[in-house]
$ cat structure_15.cif   # mmCIF, C-alpha atoms and all ligand atoms
data_my_file
loop_
_atom_site.label_atom_id
_atom_site.label_comp_id
_atom_site.auth_asym_id
_atom_site.auth_seq_id
_atom_site.Cartn_x
_atom_site.Cartn_y
_atom_site.Cartn_z
CA MET N 214 109.66 151.35 75.73
CA SER N 215 106.11 150.28 76.25
CA PRO N 216 105.71 147.00 78.07
CA LYS N 217 102.96 146.08 75.63
CA GLN N 218 105.61 145.73 72.99
CA THR N 219 107.03 142.70 74.68
CA THR N 220 103.85 140.83 74.10
CA SER N 221 103.08 142.17 70.67
CA GLY N 222 106.66 141.72 69.49
CA SER N 223 106.66 138.08 70.46
CA ASP N 224 103.28 137.32 68.95
CA GLN N 225 103.80 138.87 65.58
CA SER N 226 104.26 136.70 62.58
CA ALA N 227 104.02 139.31 59.80
CA GLU N 228 107.22 141.12 58.89
CA GLU N 229 105.27 144.35 58.56
CA ASP N 230 104.17 144.25 62.15
CA LYS N 231 107.71 143.63 63.27
CA SER N 232 109.06 146.67 61.49
CA ILE N 233 106.33 148.85 62.92
CA SER N 234 107.07 147.60 66.37
CA ARG N 235 110.79 148.10 65.94
CA ARG N 236 110.30 151.65 64.68
CA ARG N 237 108.10 152.42 67.65
CA LEU N 238 110.81 151.17 69.93
CA LEU N 239 113.55 153.22 68.33
CA VAL N 240 111.45 156.35 68.41
CA GLY N 241 110.27 155.67 71.90
CA SER N 242 113.55 155.37 73.71
CA VAL N 243 117.03 156.55 72.90
CA GLY N 244 118.41 154.37 75.65
CA ALA N 245 117.03 151.29 74.01
CA VAL N 246 119.23 151.69 70.95
CA GLY N 247 122.31 150.74 72.91
CA GLY N 248 120.37 147.82 74.20
CA LEU N 249 119.63 146.62 70.71
CA VAL N 250 123.27 146.72 69.73
CA ALA N 251 124.28 144.79 72.80
CA ALA N 252 121.39 142.44 72.20
CA GLU N 253 122.65 141.22 68.86
CA ALA N 254 125.95 140.25 70.42
CA ALA N 255 124.33 138.72 73.45
CA LEU N 256 121.97 136.57 71.46
CA ALA N 257 124.82 135.50 69.23
CA GLN N 258 126.79 134.40 72.22
CA THR N 259 123.86 132.55 73.66
CA ALA N 260 123.26 130.88 70.33
CA GLY N 261 126.91 129.91 70.13
CA ALA N 262 126.73 128.20 73.47
CA HIS N 263 123.71 126.23 72.37
CA SER N 264 125.42 125.21 69.15
CA ALA N 265 128.22 123.73 71.18
CA HIS N 266 125.72 121.66 73.09
CA THR N 267 124.00 120.43 69.97
CA GLY N 268 127.15 119.45 68.16
CA GLY N 269 127.18 122.54 65.95
CA ALA N 270 123.73 122.06 64.48
CA PRO N 271 122.09 125.36 63.65
CA ALA N 272 120.24 126.51 66.73
CA ASP N 273 117.06 128.55 66.52
CA GLY N 274 118.93 131.31 68.31
CA THR N 275 121.37 131.62 65.43
CA GLN N 276 118.64 132.79 63.12
CA MET N 277 117.48 135.36 65.61
CA ALA N 278 120.95 136.77 65.94
CA GLN N 279 121.30 137.22 62.21
CA HIS N 280 117.97 138.69 61.32
CA ARG N 281 115.87 139.73 64.21
CA THR N 282 115.87 141.75 67.30
CA TYR N 283 112.63 141.47 69.12
CA PRO N 284 111.70 144.93 70.31
CA GLY N 285 111.35 145.14 74.02
CA SER N 286 112.74 141.67 74.55
CA LEU N 287 114.29 141.54 77.97
CA SER N 288 116.78 138.91 76.96
CA ASN N 289 118.12 141.83 74.97
CA ARG N 290 117.87 144.34 77.77
CA ILE N 291 119.29 142.21 80.55
CA TYR N 292 122.62 142.22 78.80
CA SER N 293 122.80 145.99 78.58
CA ILE N 294 121.23 147.61 81.60
CA ASN N 295 123.28 148.62 84.56
CA PRO N 296 121.07 147.98 87.55
CA VAL N 297 123.32 149.68 90.08
CA HIS N 298 121.64 152.92 91.11
CA PRO N 299 123.53 154.66 93.90
CA ASP N 300 120.49 156.88 94.52
CA MET N 301 118.09 153.97 95.07
CA ALA N 302 117.93 151.36 97.81
CA ASP N 303 119.00 147.93 96.66
CA ILE N 304 117.82 144.61 98.03
CA ALA N 305 119.86 142.22 95.86
CA GLU N 306 121.69 139.59 97.88
CA ASN N 307 125.34 139.13 96.91
CA PRO N 308 125.56 135.47 95.78
CA THR N 309 128.97 135.12 97.45
CA ASN N 310 127.54 136.13 100.82
CA ILE N 311 127.71 132.64 102.34
CA PRO N 312 129.25 131.62 105.66
CA PRO N 313 132.28 129.35 105.11
CA PRO N 314 131.96 125.58 105.50
CA LEU N 315 131.81 124.51 109.14
CA THR N 316 134.96 123.01 110.56
CA ARG N 317 133.66 122.02 113.97
CA ARG N 318 132.54 118.41 114.39
CA GLU N 319 130.45 118.89 117.52
CA PRO N 320 126.92 120.32 117.77
CA ALA N 321 126.59 123.93 118.87
CA THR N 322 123.94 126.56 119.45
CA VAL N 323 123.71 128.91 116.50
CA ARG N 324 121.98 132.25 116.86
CA VAL N 325 120.12 133.55 113.79
CA ASP N 326 118.97 137.18 113.82
CA LEU N 327 116.31 138.15 111.31
CA GLU N 328 114.88 141.63 110.88
CA THR N 329 111.82 141.95 108.64
CA LYS N 330 112.58 145.15 106.77
CA GLU N 331 110.15 146.60 104.23
CA ILE N 332 112.14 148.61 101.72
CA GLU N 333 111.33 150.58 98.59
CA ALA N 334 114.10 149.57 96.23
CA HIS N 335 114.70 149.28 92.53
CA LEU N 336 113.14 146.38 90.64
CA ASP N 337 114.87 147.06 87.34
CA ASP N 338 116.51 150.06 85.72
CA LYS N 339 113.40 152.22 85.94
CA ALA N 340 110.92 150.69 88.37
CA MET N 341 110.79 150.66 92.16
CA PHE N 342 108.91 148.23 94.36
CA ARG N 343 108.18 147.94 98.08
CA PHE N 344 109.98 144.70 98.94
CA TRP N 345 109.42 142.80 102.17
CA THR N 346 112.74 141.28 103.23
CA PHE N 347 114.70 139.41 105.85
CA ASN N 348 117.60 141.70 106.83
CA GLY N 349 117.16 143.99 103.84
CA ASN N 350 118.08 141.51 101.13
CA VAL N 351 116.34 139.09 98.77
CA PRO N 352 116.90 136.29 99.40
CA GLY N 353 117.46 136.66 103.15
CA PRO N 354 120.73 135.66 104.80
CA PHE N 355 122.19 132.23 104.01
CA VAL N 356 122.07 130.30 107.28
CA ARG N 357 124.63 127.52 107.76
CA VAL N 358 124.38 125.02 110.61
CA ARG N 359 125.33 121.43 111.27
CA VAL N 360 123.04 118.48 111.95
CA GLY N 361 122.38 118.29 115.68
CA ASP N 362 122.80 122.04 116.22
CA GLN N 363 120.34 124.07 118.26
CA VAL N 364 119.18 126.96 116.08
CA GLU N 365 118.12 129.97 118.12
CA VAL N 366 115.99 132.23 115.93
CA HIS N 367 115.37 135.86 116.84
CA LEU N 368 112.91 137.71 114.65
CA LYS N 369 112.48 141.46 114.96
CA ASN N 370 109.79 143.38 113.09
CA PRO N 371 110.81 147.07 112.99
CA GLU N 372 108.47 149.87 114.11
CA ASP N 373 108.14 151.28 110.62
CA SER N 374 106.81 148.05 109.04
CA TRP N 375 103.30 148.05 107.63
CA MET N 376 102.76 144.31 108.05
CA MET N 377 103.09 141.50 110.57
CA HIS N 378 105.82 138.98 109.71
CA ASN N 379 107.26 135.68 110.91
CA VAL N 380 109.50 132.87 109.70
CA ASP N 381 108.86 129.23 108.81
CA PHE N 382 112.06 127.15 108.55
CA HIS N 383 111.64 124.03 106.45
CA ALA N 384 114.65 122.65 108.33
CA CYS N 385 112.64 122.78 111.58
CA THR N 386 110.59 119.94 113.00
CA GLY N 387 107.74 121.56 114.94
CA PRO N 388 104.46 123.43 114.36
CA GLY N 389 104.62 125.85 111.47
CA GLY N 390 108.39 125.55 111.32
CA GLY N 391 108.34 128.31 113.91
CA ALA N 392 105.84 130.55 112.13
CA GLY N 393 103.42 130.77 115.03
CA ALA N 394 106.20 131.26 117.53
CA THR N 395 107.72 134.16 115.63
CA THR N 396 104.66 136.08 114.40
CA ALA N 397 105.44 139.69 115.25
CA ALA N 398 103.56 142.94 114.74
CA PRO N 399 105.55 146.05 113.85
CA GLY N 400 107.76 146.93 116.80
CA GLU N 401 107.72 143.40 118.26
CA GLU N 402 110.43 140.79 118.67
CA ARG N 403 110.00 136.99 118.99
CA SER N 404 112.25 133.99 119.32
CA PHE N 405 112.26 130.20 119.37
CA THR N 406 114.77 127.38 119.19
CA PHE N 407 114.77 124.24 117.08
CA LYS N 408 117.11 121.32 116.71
CA ALA N 409 118.37 120.66 113.18
CA LEU N 410 117.52 116.97 112.94
CA ASN N 411 117.80 116.40 109.19
CA PRO N 412 120.74 117.44 107.02
CA GLY N 413 119.96 119.13 103.71
CA LEU N 414 119.35 122.44 101.97
CA TYR N 415 116.06 123.99 103.03
CA VAL N 416 113.98 127.05 102.25
CA TYR N 417 112.77 129.43 104.92
CA HIS N 418 110.07 132.02 104.35
CA CYS N 419 107.55 134.31 105.97
CA ALA N 420 104.23 132.54 106.59
CA VAL N 421 101.90 135.35 107.62
CA PRO N 422 98.69 135.15 105.54
CA PRO N 423 98.40 135.66 102.69
CA VAL N 424 101.60 133.65 102.67
CA ALA N 425 102.00 133.79 98.90
CA LEU N 426 102.08 137.59 99.07
CA HIS N 427 104.77 137.70 101.76
CA ILE N 428 106.89 135.29 99.74
CA ALA N 429 106.32 137.07 96.44
CA ASN N 430 107.37 140.36 97.99
CA GLY N 431 110.74 138.88 98.92
CA MET N 432 110.52 136.99 102.20
CA TYR N 433 112.48 133.80 101.55
CA GLY N 434 115.97 132.39 102.00
CA LEU N 435 117.98 129.18 102.42
CA ILE N 436 119.35 127.30 105.41
CA LEU N 437 121.96 124.59 104.90
CA VAL N 438 122.09 121.87 107.52
CA GLU N 439 125.46 120.27 106.92
CA PRO N 440 125.77 116.53 107.43
CA GLU N 441 128.17 115.40 110.18
CA ASP N 442 131.16 115.37 107.87
CA GLY N 443 130.17 118.44 105.90
CA LEU N 444 129.99 118.68 102.12
CA PRO N 445 132.92 117.83 99.82
CA PRO N 446 135.23 120.83 99.42
CA VAL N 447 134.87 123.04 96.33
CA ASP N 448 136.66 126.20 95.22
CA ARG N 449 133.65 128.51 95.17
CA GLU N 450 130.14 128.53 96.57
CA PHE N 451 127.25 130.71 95.41
CA TYR N 452 123.77 131.46 96.71
CA VAL N 453 121.00 131.95 94.13
CA MET N 454 117.23 132.04 94.56
CA GLN N 455 114.40 132.48 92.11
CA GLY N 456 111.21 134.42 92.74
CA GLU N 457 108.22 136.03 91.06
CA ILE N 458 106.91 139.56 91.45
CA TYR N 459 103.29 140.49 90.84
CA THR N 460 102.59 144.12 89.97
CA GLU N 461 99.46 145.94 88.83
CA GLU N 462 101.53 147.69 86.20
CA PRO N 463 102.69 145.63 83.23
CA PHE N 464 106.25 144.42 82.97
CA GLY N 465 108.59 147.22 81.96
CA SER N 466 106.68 150.06 83.64
CA SER N 467 108.39 152.99 85.33
CA GLY N 468 108.11 154.45 88.80
CA LEU N 469 106.99 152.91 92.07
CA LEU N 470 104.95 149.83 91.16
CA THR N 471 101.99 148.42 93.11
CA GLU N 472 101.65 144.79 94.11
CA SER N 473 98.75 142.92 92.48
CA TYR N 474 96.85 140.47 94.62
CA ASP N 475 94.67 139.41 91.68
CA LYS N 476 97.65 138.48 89.54
CA LEU N 477 99.16 136.67 92.50
CA LEU N 478 96.05 134.53 92.94
CA ASN N 479 95.96 133.85 89.22
CA GLU N 480 99.70 133.06 89.20
CA ARG N 481 100.43 135.66 86.54
CA PRO N 482 103.65 137.41 87.58
CA GLU N 483 104.96 140.39 85.67
CA TYR N 484 108.58 139.85 86.74
CA PHE N 485 110.80 136.86 87.44
CA VAL N 486 114.01 137.49 89.37
CA PHE N 487 117.19 135.87 90.61
CA ASN N 488 118.31 137.38 93.94
CA GLY N 489 115.61 139.98 94.18
CA HIS N 490 115.63 142.29 91.20
CA VAL N 491 116.11 142.30 87.45
CA GLY N 492 119.83 142.36 86.72
CA ALA N 493 120.93 141.40 90.24
CA LEU N 494 123.15 138.60 88.93
CA THR N 495 124.14 140.11 85.58
CA ASP N 496 125.88 143.47 85.77
CA HIS N 497 125.40 143.89 89.51
CA TYR N 498 126.69 140.70 91.17
CA PRO N 499 127.82 138.33 88.41
CA LEU N 500 129.18 135.04 89.68
CA LYS N 501 132.94 134.78 89.02
CA ALA N 502 135.30 131.83 88.84
CA GLN N 503 138.60 130.75 87.29
CA VAL N 504 139.23 128.02 84.75
CA GLY N 505 139.97 124.80 86.62
CA GLU N 506 137.89 125.71 89.67
CA THR N 507 134.97 123.74 91.00
CA VAL N 508 131.78 125.65 91.63
CA ARG N 509 128.83 124.87 93.86
CA ILE N 510 125.53 126.71 93.54
CA PHE N 511 123.01 126.53 96.34
CA PHE N 512 119.86 127.11 94.32
CA GLY N 513 116.45 127.61 95.85
CA VAL N 514 113.00 128.62 94.67
CA GLY N 515 111.10 131.04 96.86
CA GLY N 516 108.46 131.33 94.18
CA PRO N 517 105.80 131.39 95.48
CA ASN N 518 104.36 129.52 92.51
CA TYR N 519 106.68 128.57 89.66
CA THR N 520 108.88 125.49 89.40
CA SER N 521 112.27 126.34 87.93
CA GLY N 522 114.06 124.44 85.20
CA PHE N 523 117.39 125.81 86.36
CA HIS N 524 120.14 125.64 83.74
CA VAL N 525 123.52 127.23 83.13
CA ILE N 526 123.91 127.81 79.40
CA GLY N 527 127.14 126.17 78.24
CA GLU N 528 127.72 124.10 81.36
CA ILE N 529 126.72 120.64 82.56
CA PHE N 530 126.16 119.95 86.23
CA ASP N 531 128.61 117.22 87.26
CA LYS N 532 126.49 116.65 90.36
CA ALA N 533 123.01 117.67 91.47
CA TYR N 534 121.64 117.00 94.94
CA GLN N 535 118.00 116.53 94.07
CA LEU N 536 115.48 118.45 96.17
CA GLY N 537 118.30 119.55 98.45
CA SER N 538 118.93 116.08 99.88
CA VAL N 539 122.56 115.63 100.90
CA THR N 540 122.04 112.17 102.37
CA SER N 541 121.05 110.68 98.99
CA PRO N 542 123.78 110.28 96.37
CA PRO N 543 123.74 113.18 93.91
CA ILE N 544 122.68 112.49 90.35
CA THR N 545 125.47 113.08 87.85
CA ASP N 546 125.92 114.74 84.45
CA VAL N 547 122.75 116.81 84.33
CA GLN N 548 121.70 119.60 81.95
CA SER N 549 118.82 121.21 83.87
CA ILE N 550 117.28 120.58 87.25
CA SER N 551 113.66 120.88 88.28
CA VAL N 552 113.18 122.78 91.52
CA PRO N 553 109.66 123.21 92.84
CA PRO N 554 108.60 126.17 94.97
CA GLY N 555 109.71 125.83 98.57
CA SER N 556 112.55 123.53 97.61
CA ALA N 557 116.21 123.66 96.65
CA ASN N 558 119.04 121.87 94.93
CA ILE N 559 122.81 121.92 95.11
CA VAL N 560 124.65 121.75 91.80
CA GLU N 561 128.39 121.34 91.30
CA PHE N 562 130.53 121.56 88.20
CA LYS N 563 134.07 122.29 87.12
CA CYS N 564 134.81 125.35 85.01
CA GLU N 565 136.79 124.03 82.04
CA VAL N 566 136.51 126.83 79.49
CA PRO N 567 136.69 130.62 79.94
CA GLY N 568 133.69 132.71 78.93
CA ARG N 569 130.38 134.05 80.04
CA TYR N 570 127.78 131.51 81.05
CA VAL N 571 124.17 132.54 81.53
CA LEU N 572 122.08 131.27 84.44
CA VAL N 573 118.48 130.78 83.38
CA ASP N 574 115.26 128.99 84.08
CA HIS N 575 114.92 127.05 80.82
CA ALA N 576 111.29 128.08 80.73
CA LEU N 577 112.89 130.88 78.75
CA SER N 578 109.89 133.15 78.43
CA ARG N 579 110.85 134.11 81.97
CA ALA N 580 114.13 135.54 80.71
CA GLU N 581 111.96 138.09 78.91
CA ARG N 582 110.58 139.06 82.30
CA GLY N 583 113.89 139.53 84.05
CA LEU N 584 115.25 136.10 84.89
CA ALA N 585 118.95 135.76 84.05
CA GLY N 586 122.35 135.79 85.72
CA TYR N 587 125.98 135.48 84.65
CA LEU N 588 128.83 133.23 85.61
CA ILE N 589 132.04 134.79 84.30
CA VAL N 590 134.87 132.27 84.00
CA GLU N 591 138.35 133.70 83.43
CA GLY N 592 141.55 131.91 82.54
CA PRO N 593 143.41 130.33 79.66
CA ASP N 594 141.59 128.91 76.64
CA ASN N 595 141.03 125.19 76.59
CA PRO N 596 140.86 124.32 72.89
CA ASP N 597 140.77 120.62 73.59
CA VAL N 598 137.37 121.09 75.23
CA PHE N 599 136.04 124.04 73.22
CA ASN N 600 137.58 125.31 70.03
CA ALA N 601 135.70 127.76 67.83
CA PRO N 602 136.92 129.89 64.89
CA PRO N 603 136.23 133.63 65.13
CA ASN N 604 132.65 134.59 64.33
CA PRO N 605 131.71 138.23 63.71
CA HIS N 606 128.35 137.59 65.32
CA ASP N 607 129.97 136.39 68.54
CA SER N 608 130.56 139.07 71.16
CA GLY N 609 133.54 137.11 72.48
CA HIS N 610 134.25 136.21 76.03
CU CU O 1 106.00 138.63 106.05
#

$ encode --input "structure_15.cif" --output "structure tokens"
Amino acid sequence: MSPKQTTSGSDQSAEEDKSISRRRLLVGSVGAVGGLVAAEAALAQTAGAHSAHTGGAPADGTQMAQHRTYPGSLSNRIYSINPVHPDMADIAENPTNIPPPLTRREPATVRVDLETKEIEAHLDDKAMFRFWTFNGNVPGPFVRVRVGDQVEVHLKNPEDSWMMHNVDFHACTGPGGGAGATTAAPGEERSFTFKALNPGLYVYHCAVPPVALHIANGMYGLILVEPEDGLPPVDREFYVMQGEIYTEEPFGSSGLLTESYDKLLNERPEYFVFNGHVGALTDHYPLKAQVGETVRIFFGVGGPNYTSGFHVIGEIFDKAYQLGSVTSPPITDVQSISVPPGSANIVEFKCEVPGRYVLVDHALSRAERGLAGYLIVEGPDNPDVFNAPPNPHDSGH
């Protein structure tokens, strides 16, 4: 499947061009055929979710499901690829990998160990990329402390790194958020301590110049500074971050891809990802919950450049802690949140209806470049809240 087809397929208006493009796709890749079949169902399901939101009015997606499959469209492919490759390194962070809520009510010293590992790992089902990471995952480890804690940061840059690295904690009050204090050449180790003065959800990232490049290549994560009494209890917590990847090769290429500094400076990413690589939160680590449970998503944008219009298709956020502030009251009953680069938000909602919900940035062109995740909700139907007759175009739950 040529990556060019993504662009041409989307731009075409003439039916003739579409059929040519579709034929090229079918000839070009046997594997893609399965993707097309899955795509019809996936789009139908997405369209169904939107119809529910719009009171059953025909959604634009409905038409697509009936008549069109856009060749090369990633919102087709993301539903069908299996991104788990046992033979390739994998940097995706498991979204359930979060320390439990803190129970202590006194300040403590919390040690945070970060190792800046550069790893060739898969970017999608056919491309590899040299990621720069904290502790081998994108995003880096979720750090959980309490207001008033002393945070003791140890940063180790392994011998086999190519680059210098450091870490800037947005939760830190002090020069560079610790960037200068932790700058380490390959083989070096640095440390510093900061006091967590302000509660909230904060981004951390590498800040070695060019900073945008270190972030784009995967060096970002979240630190939660819990307020004195913690956050309200929920049934499940998840950790999701959005980033962009800039490669010389066009989106959809195969093999080991090369980072593009030009595209980075021009803010023209080829890939958008949740938790590191295409498919990380679909087939690989889908979020899972039960009907009746409350869910909290710690959502951050590493970027480096794009603001996210984060949305869960078919859900409404009961609460959203804007810009990661936990000392301001959350806004309530929200469809999408705007999260700028280097910022975060906490959303909470109750799962009322079983099914598959798709995490997106509602700047949906980015779904065509890899940006999607799943929340799978299992449990009994809830016809009082959602009741739909069978539809042959719907892939079901
Ligand atoms: Cu770095």

$ closest_residue --input "structure_15.cif" --among "N:Ala394, N:Pro308, N:Tyr433, N:Pro412" --to "ligand CU 1 (chain O)" --atoms "only C-alpha atoms and all ligand atoms"
N:Tyr433

$ residues_near_ligand --input "structure_15.cif" --ligand "ligand CU 1 (chain O)" --cutoff "8 Å" --atoms "all atoms listed in the file" --output "count of residues only"
16

$ closest_residue --input "structure_15.cif" --among "N:Thr471, N:Thr460, N:Thr520, N:Ser538" --to "Asn411 in chain N" --atoms "all atoms listed in the file"
N:Ser538

$ closest_residue --input "structure_15.cif" --among "N:Ile332, N:Leu435, N:Val356, N:Ile526" --to "Gly555 in chain N" --atoms "only C-alpha atoms"
N:Leu435

$ closest_residue --input "structure_15.cif" --among "N:Asp448, N:Glu328, N:Glu333, N:Asp362" --to "Gly400 in chain N" --atoms "all atoms listed in the file"
N:Glu328

$ closest_residue --input "structure_15.cif" --among "N:Ser467, N:Asn488, N:Thr507, N:Ser473" --to "Gly583 in chain N" --atoms "only C-alpha atoms"
N:Asn488
